[in-house]
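Heads up: the structure comes next, in structure tokens.
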Amino acid sequence: MLKRNPFRFLLALAAMVTLLTAPAHALVEININKGNVEPLPIAVTDFLQGELGQKISDVVAADLKRSGLFAPIDKGAFIEKITNPDAAPRFEDWKVINAQALVTGRVTQEADGRLKAEFRLWDSFAGQQMTGQQFFTQPENWRRVAHIIADAIYERITGEKGYFDTRIVYVAESGPKTARKRQLAIMDQDGANARAITNSNDIVLTPRFSPNKQEITYMSFEGNEPRVFLLQLETGQREVVGNFPGMTFAPRFSPDGQRVIMSLQQDGNANIYTMDLRSRTTTRLTSTAAIDTSPSYSPDGSQVVFESDRGGRQQLYVMSASGAGQTRISFGDGSYSTPVWSPRGDLIAFTKQSGGKFSIGVMKPDGSGERILTTGFHNEGPTWAPNGRVLMFFRQNAGAGGPQLYSIDLTGYNEQLVPTQGFASDPAWSPLLE
């Protein structure tokens with residue numbers, strides 16, 4: 001099975017084979033709906049053969065650890081040395097160190113130069129194999145293979161799709177605070193393989209992925225004129241979404257990728273519009289003497305959440321995709337902004353400003369069940385992982401030179417710094433790659 005990749009990684013997931021998967025009912029699992037979950041002890045052995053195999057297993061272990069659901073065991077505690085990943089391991093040796101799950105694998109070079117990576121996931125206490133797969137790719141794509149393996153392990157144990165084979169587009173910031181340069185950059189979700197995708201000196205803001213993963217939309221002050229652009233990631237081709245008489249900002253794609261929804265400012269007011277990317281026709285959804293902005297579609301495209309100060313301060317509202325039935329859903333202390341609908345459809349993430357601090361939180365689409373996940377000096381701009389279990393946002397700490405990216409899961413317990421080469425803001429999480 002050959003898969004086409006919009007980032008030109010040429011990953012040939014040929015013969016993604018399941019190798020003797022055991023029945024699911026007998027094996028270890030993690031219930032991620034229980035709230036704060038105790039991380040599952042897992043042993044990820046070095047993949048045979050050589051340095052590249054070790055690198056792949058290290059990335060797999062790092063992905064699983066970052067999720068907060070797994071606790072990779074230190075390799076120094078391993079008793080058995082795996083010499084044949086096709087044979088059943090000595091399960092007693094792994095039970096002694098409490099490795100409830102075990103990962104073995106190998107990496108080999110094919111005659112045509114391709115890399116073949118195989119792995120097996122074992123339940124140590126049940127003494128059974130849970131799953132096994134193999135992948136073929138070019139050697140330079142080894143990190144992506146590692147992310148795909150981590151996704152397969154995550155899904156087999158939790159029952160939920162993983163999120164490791166994804167990318168983050170963000171605003172990379174450099175230079176002194178009084179003359180800060182901002183470029184769009186893209187990287188793997190763990191911070192690796194970062195590269196700039198714009199190189200102008202113009203201010204760029206709010207990049208967002210298309211559902212087809214091949215293009216992004218963003219705002220740029222090119223030539224001191226604020227405009228919304230589309231950027232093809234494969235070709236680097238760029239185009240203006242539309243030439244409007246006022247400022248356009250906060251663009252997002254519709255779930256089908258056929259429309260862009262955004263805010264257009266005219267005569268001091270900002271209202272929400274959609275543009276059909278095929279016909280270039282626009283439709284106005286709100287009409288108020290206020291600032292309506294930051295629209296985000298529900299996953300099925302039937303509703304839109306947005307922020308508005310029509311009630312005196314920024315609050316969250318939900319309306320149908322046609323603009324009908326505009327209803328306020330946030331009623332807590334403070335102001336609410338940057339709403340974004342979960343890919344699962346069950347929650348809306350937001351930024352909340354109250355008591356001189358900024359928080360990242362979630363609520364149900366009807367406004368009930370508000371939960372604050374993290375609070376700080378300045379937190380802003382949440383974006384969802386494609387499985388709807390983890391958020392990324394940017395934070396500016398008091399006295400710090402610039403913003404940085406962080407991730408946090410829905411429990412609020414697993415908060416982590418996301419490494420970037422410099423300052424970073426406005427992250428947007430891609431869907432799973434193909």
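Labels for the structure tokens follow display order: chains A, B, ..., residues from 1 in each chain, ligands from 1.
On the backbone of this structure, DSSP gives helix (DSSP H, G or I) within segment 162-264 of chain A to Lys177, Thr178, Ala179, Glu222, Gly223 and Asn224 of chain A.
Once Pro139 of chain A and its same-chain neighbours fewer than 2 positions away are set aside, Leu115, Asn141 and Trp142 of chain A remain within 6 Å of it when counting only C-alpha atoms.
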Which residues of segment 362-409 of chain A sit at most 12 Å from segment 303-326 of chain A, using only C-alpha atoms? Give each one's shortest atom pair and distance in Å (one decimal place), in chain and ascending residue order, as CSV.
residue,atom,partner,partner_atom,distance
A:Val362,CA,A:Leu316,CA,11.7
A:Met363,CA,A:Leu316,CA,10.5
A:Lys364,CA,A:Val318,CA,11.2
A:Pro365,CA,A:Val318,CA,7.8
A:Asp366,CA,A:Val318,CA,8.2
A:Gly367,CA,A:Leu316,CA,8.7
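Summary of the local environment: counting only C-alpha atoms, residues at most 6 Å from Thr166 of chain A, other than itself and those fewer than 5 positions away along its chain, are A:Gln189, A:Ser430, A:Leu432, A:Leu433.
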Next, the residues of the selection above should be written as a compact mmCIF listing (two decimals), in the first residue's frame with N, CA, C and O atoms.
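Written out: out.txt:
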# COMPACT_ATOMS: atom_id res chain seq x y z
N GLN A 189 5.76 17.27 15.66
CA GLN A 189 5.09 17.62 16.91
C GLN A 189 6.02 17.58 18.11
O GLN A 189 5.73 18.17 19.14
N SER A 430 -1.42 19.93 12.93
CA SER A 430 -1.93 19.31 11.70
C SER A 430 -2.79 18.10 12.03
O SER A 430 -2.68 17.52 13.12
N LEU A 432 -3.47 14.02 11.35
CA LEU A 432 -2.53 12.93 11.12
C LEU A 432 -2.11 12.92 9.66
O LEU A 432 -2.94 13.10 8.76
N LEU A 433 -0.83 12.70 9.41
CA LEU A 433 -0.33 12.62 8.04
C LEU A 433 -0.77 11.29 7.42
O LEU A 433 -1.17 10.37 8.12
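Close contacts of Ile82 of chain A, defined as residues with an atom at most 9 Å away when counting only C-alpha atoms, with chain neighbours fewer than 3 positions off set aside, comprise Thr45, Asp46, Phe47, Leu48, Pro85, Pro89 and Thr104 of chain A.
For the pair atom CA of Asn271 of chain A and atom CA of Ala385 of chain A, the separation is 28.0 Å.
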Discussion item. Set the distance at 10 Å and use only C-alpha atoms: which residues neighbour Gly175 of chain A once local chain neighbours fewer than 3 positions away are removed? I'd like the list as a VMD selection string.
Written reply: chain A and resid 178 to 182 401 to 402 422 to 423
Worksheet item: Gln258 of chain A: which residues within 12 Å, counting only C-alpha atoms, same-chain residues fewer than 2 positions away excluded, as a list in words?
Response: Ser210, Pro211, Asn212, Glu215, Arg252, Phe253, Ser254, Pro255, Asp256, Val260, Ile261, Thr274, Met275, Asp276, Leu277, Arg278, Ser279, Arg280, Thr281 and Gly301 of chain A
Write out the residues from the selection above, keeping N, CA and C atoms, as a PDB file, in the first residue's frame.
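Done, and the output landed in selection-v3.pdb:
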ATOM      1  N   SER A 210      -5.109  23.306   6.684  1.00  0.00           N
ATOM      2  CA  SER A 210      -6.261  22.788   5.966  1.00  0.00           C
ATOM      3  C   SER A 210      -6.475  21.335   6.366  1.00  0.00           C
ATOM      4  N   PRO A 211      -7.716  20.844   6.338  1.00  0.00           N
ATOM      5  CA  PRO A 211      -7.951  19.428   6.636  1.00  0.00           C
ATOM      6  C   PRO A 211      -7.255  18.483   5.668  1.00  0.00           C
ATOM      7  N   ASN A 212      -6.924  18.961   4.439  1.00  0.00           N
ATOM      8  CA  ASN A 212      -6.225  18.078   3.503  1.00  0.00           C
ATOM      9  C   ASN A 212      -4.719  18.083   3.716  1.00  0.00           C
ATOM     10  N   GLU A 215      -2.037  22.573   2.634  1.00  0.00           N
ATOM     11  CA  GLU A 215      -1.952  24.025   2.611  1.00  0.00           C
ATOM     12  C   GLU A 215      -2.324  24.596   3.969  1.00  0.00           C
ATOM     13  N   ARG A 252      -9.669  30.506   9.330  1.00  0.00           N
ATOM     14  CA  ARG A 252      -9.643  29.059   9.540  1.00  0.00           C
ATOM     15  C   ARG A 252     -10.369  28.378   8.386  1.00  0.00           C
ATOM     16  N   PHE A 253      -9.975  27.145   8.112  1.00  0.00           N
ATOM     17  CA  PHE A 253     -10.648  26.355   7.098  1.00  0.00           C
ATOM     18  C   PHE A 253     -11.927  25.731   7.659  1.00  0.00           C
ATOM     19  N   SER A 254     -12.865  25.467   6.773  1.00  0.00           N
ATOM     20  CA  SER A 254     -14.007  24.623   7.110  1.00  0.00           C
ATOM     21  C   SER A 254     -13.541  23.174   7.149  1.00  0.00           C
ATOM     22  N   PRO A 255     -14.295  22.274   7.788  1.00  0.00           N
ATOM     23  CA  PRO A 255     -13.845  20.881   7.893  1.00  0.00           C
ATOM     24  C   PRO A 255     -13.633  20.196   6.549  1.00  0.00           C
ATOM     25  N   ASP A 256     -14.361  20.616   5.513  1.00  0.00           N
ATOM     26  CA  ASP A 256     -14.166  20.002   4.195  1.00  0.00           C
ATOM     27  C   ASP A 256     -13.073  20.680   3.381  1.00  0.00           C
ATOM     28  N   VAL A 260     -13.019  29.199   3.742  1.00  0.00           N
ATOM     29  CA  VAL A 260     -12.263  29.832   4.816  1.00  0.00           C
ATOM     30  C   VAL A 260     -13.223  30.762   5.549  1.00  0.00           C
ATOM     31  N   ILE A 261     -13.218  30.672   6.870  1.00  0.00           N
ATOM     32  CA  ILE A 261     -14.023  31.570   7.687  1.00  0.00           C
ATOM     33  C   ILE A 261     -13.067  32.530   8.380  1.00  0.00           C
ATOM     34  N   THR A 274     -17.556  34.059   5.506  1.00  0.00           N
ATOM     35  CA  THR A 274     -16.954  32.872   4.902  1.00  0.00           C
ATOM     36  C   THR A 274     -16.694  33.164   3.433  1.00  0.00           C
ATOM     37  N   MET A 275     -15.655  32.518   2.917  1.00  0.00           N
ATOM     38  CA  MET A 275     -15.378  32.600   1.485  1.00  0.00           C
ATOM     39  C   MET A 275     -15.277  31.199   0.916  1.00  0.00           C
ATOM     40  N   ASP A 276     -16.018  30.963  -0.165  1.00  0.00           N
ATOM     41  CA  ASP A 276     -15.910  29.717  -0.904  1.00  0.00           C
ATOM     42  C   ASP A 276     -14.637  29.778  -1.744  1.00  0.00           C
ATOM     43  N   LEU A 277     -13.717  28.857  -1.524  1.00  0.00           N
ATOM     44  CA  LEU A 277     -12.421  28.922  -2.194  1.00  0.00           C
ATOM     45  C   LEU A 277     -12.500  28.557  -3.671  1.00  0.00           C
ATOM     46  N   ARG A 278     -13.610  27.974  -4.099  1.00  0.00           N
ATOM     47  CA  ARG A 278     -13.761  27.649  -5.519  1.00  0.00           C
ATOM     48  C   ARG A 278     -14.345  28.824  -6.288  1.00  0.00           C
ATOM     49  N   SER A 279     -15.421  29.399  -5.774  1.00  0.00           N
ATOM     50  CA  SER A 279     -16.080  30.502  -6.484  1.00  0.00           C
ATOM     51  C   SER A 279     -15.593  31.878  -6.043  1.00  0.00           C
ATOM     52  N   ARG A 280     -14.909  31.927  -4.883  1.00  0.00           N
ATOM     53  CA  ARG A 280     -14.436  33.182  -4.274  1.00  0.00           C
ATOM     54  C   ARG A 280     -15.586  34.099  -3.866  1.00  0.00           C
ATOM     55  N   THR A 281     -16.764  33.541  -3.669  1.00  0.00           N
ATOM     56  CA  THR A 281     -17.887  34.327  -3.177  1.00  0.00           C
ATOM     57  C   THR A 281     -17.852  34.363  -1.659  1.00  0.00           C
ATOM     58  N   GLY A 301     -19.036  20.722  10.655  1.00  0.00           N
ATOM     59  CA  GLY A 301     -19.280  21.903   9.853  1.00  0.00           C
ATOM     60  C   GLY A 301     -20.638  22.552  10.043  1.00  0.00           C
TER      61      GLY A 301
END
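In this structure, atom CA of Thr286 of chain A sits 23.5 Å away from atom CA of Gly332 of chain A.
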Worksheet entry | Backbone-only DSSP, strand (DSSP E) members of segment 265-422 of chain A, as a ChimeraX atom specification | /A:265-266,269-276,282-284,292-297,303-308,315-320,327-328,335-341,348-354,357-363,371-376,379-384,390-395,404-409,415-418
Practice prompt. Mind checking which residues fall within 10 Å of Gly105 of chain A, counting only C-alpha atoms, ignoring those fewer than 5 positions away in the same chain, and posting them as a ChimeraX atom specification?
Written response: /A:44-49,53-54,56-57,82-86,117-121,132-134
Restricted to C-alpha atoms, what would the selected residues look like written as a CSV table (one decimal), in the first residue's frame?
chain,number,residue,atom,x,y,z
A,44,VAL,CA,11.0,-0.2,24.6
A,45,THR,CA,14.1,-2.2,23.6
A,46,ASP,CA,16.7,-1.0,21.0
A,47,PHE,CA,15.6,-2.1,17.6
A,48,LEU,CA,18.1,-4.4,15.9
A,49,GLN,CA,20.4,-3.6,14.1
A,53,GLY,CA,17.5,1.0,15.3
A,54,GLN,CA,18.4,2.6,18.6
A,56,ILE,CA,14.1,4.8,16.2
A,57,SER,CA,13.3,3.1,19.5
A,82,ILE,CA,16.6,-9.2,22.8
A,83,THR,CA,18.5,-10.9,20.0
A,84,ASN,CA,15.6,-12.2,17.9
A,85,PRO,CA,12.6,-9.8,17.8
A,86,ASP,CA,10.5,-12.5,16.0
A,117,ALA,CA,11.3,-1.2,10.1
A,118,GLU,CA,9.4,-3.9,12.1
A,119,PHE,CA,8.1,-3.9,15.6
A,120,ARG,CA,6.1,-6.1,17.9
A,121,LEU,CA,4.1,-5.1,21.0
A,132,GLY,CA,3.1,-6.2,15.0
A,133,GLN,CA,3.7,-4.2,11.9
A,134,GLN,CA,6.4,-3.5,9.3
Item to complete: Quote the spacing between atom CA of Arg371 of chain A and atom CA of Ser294 of chain A in Å to one decimal place.
Response: 20.3 Å
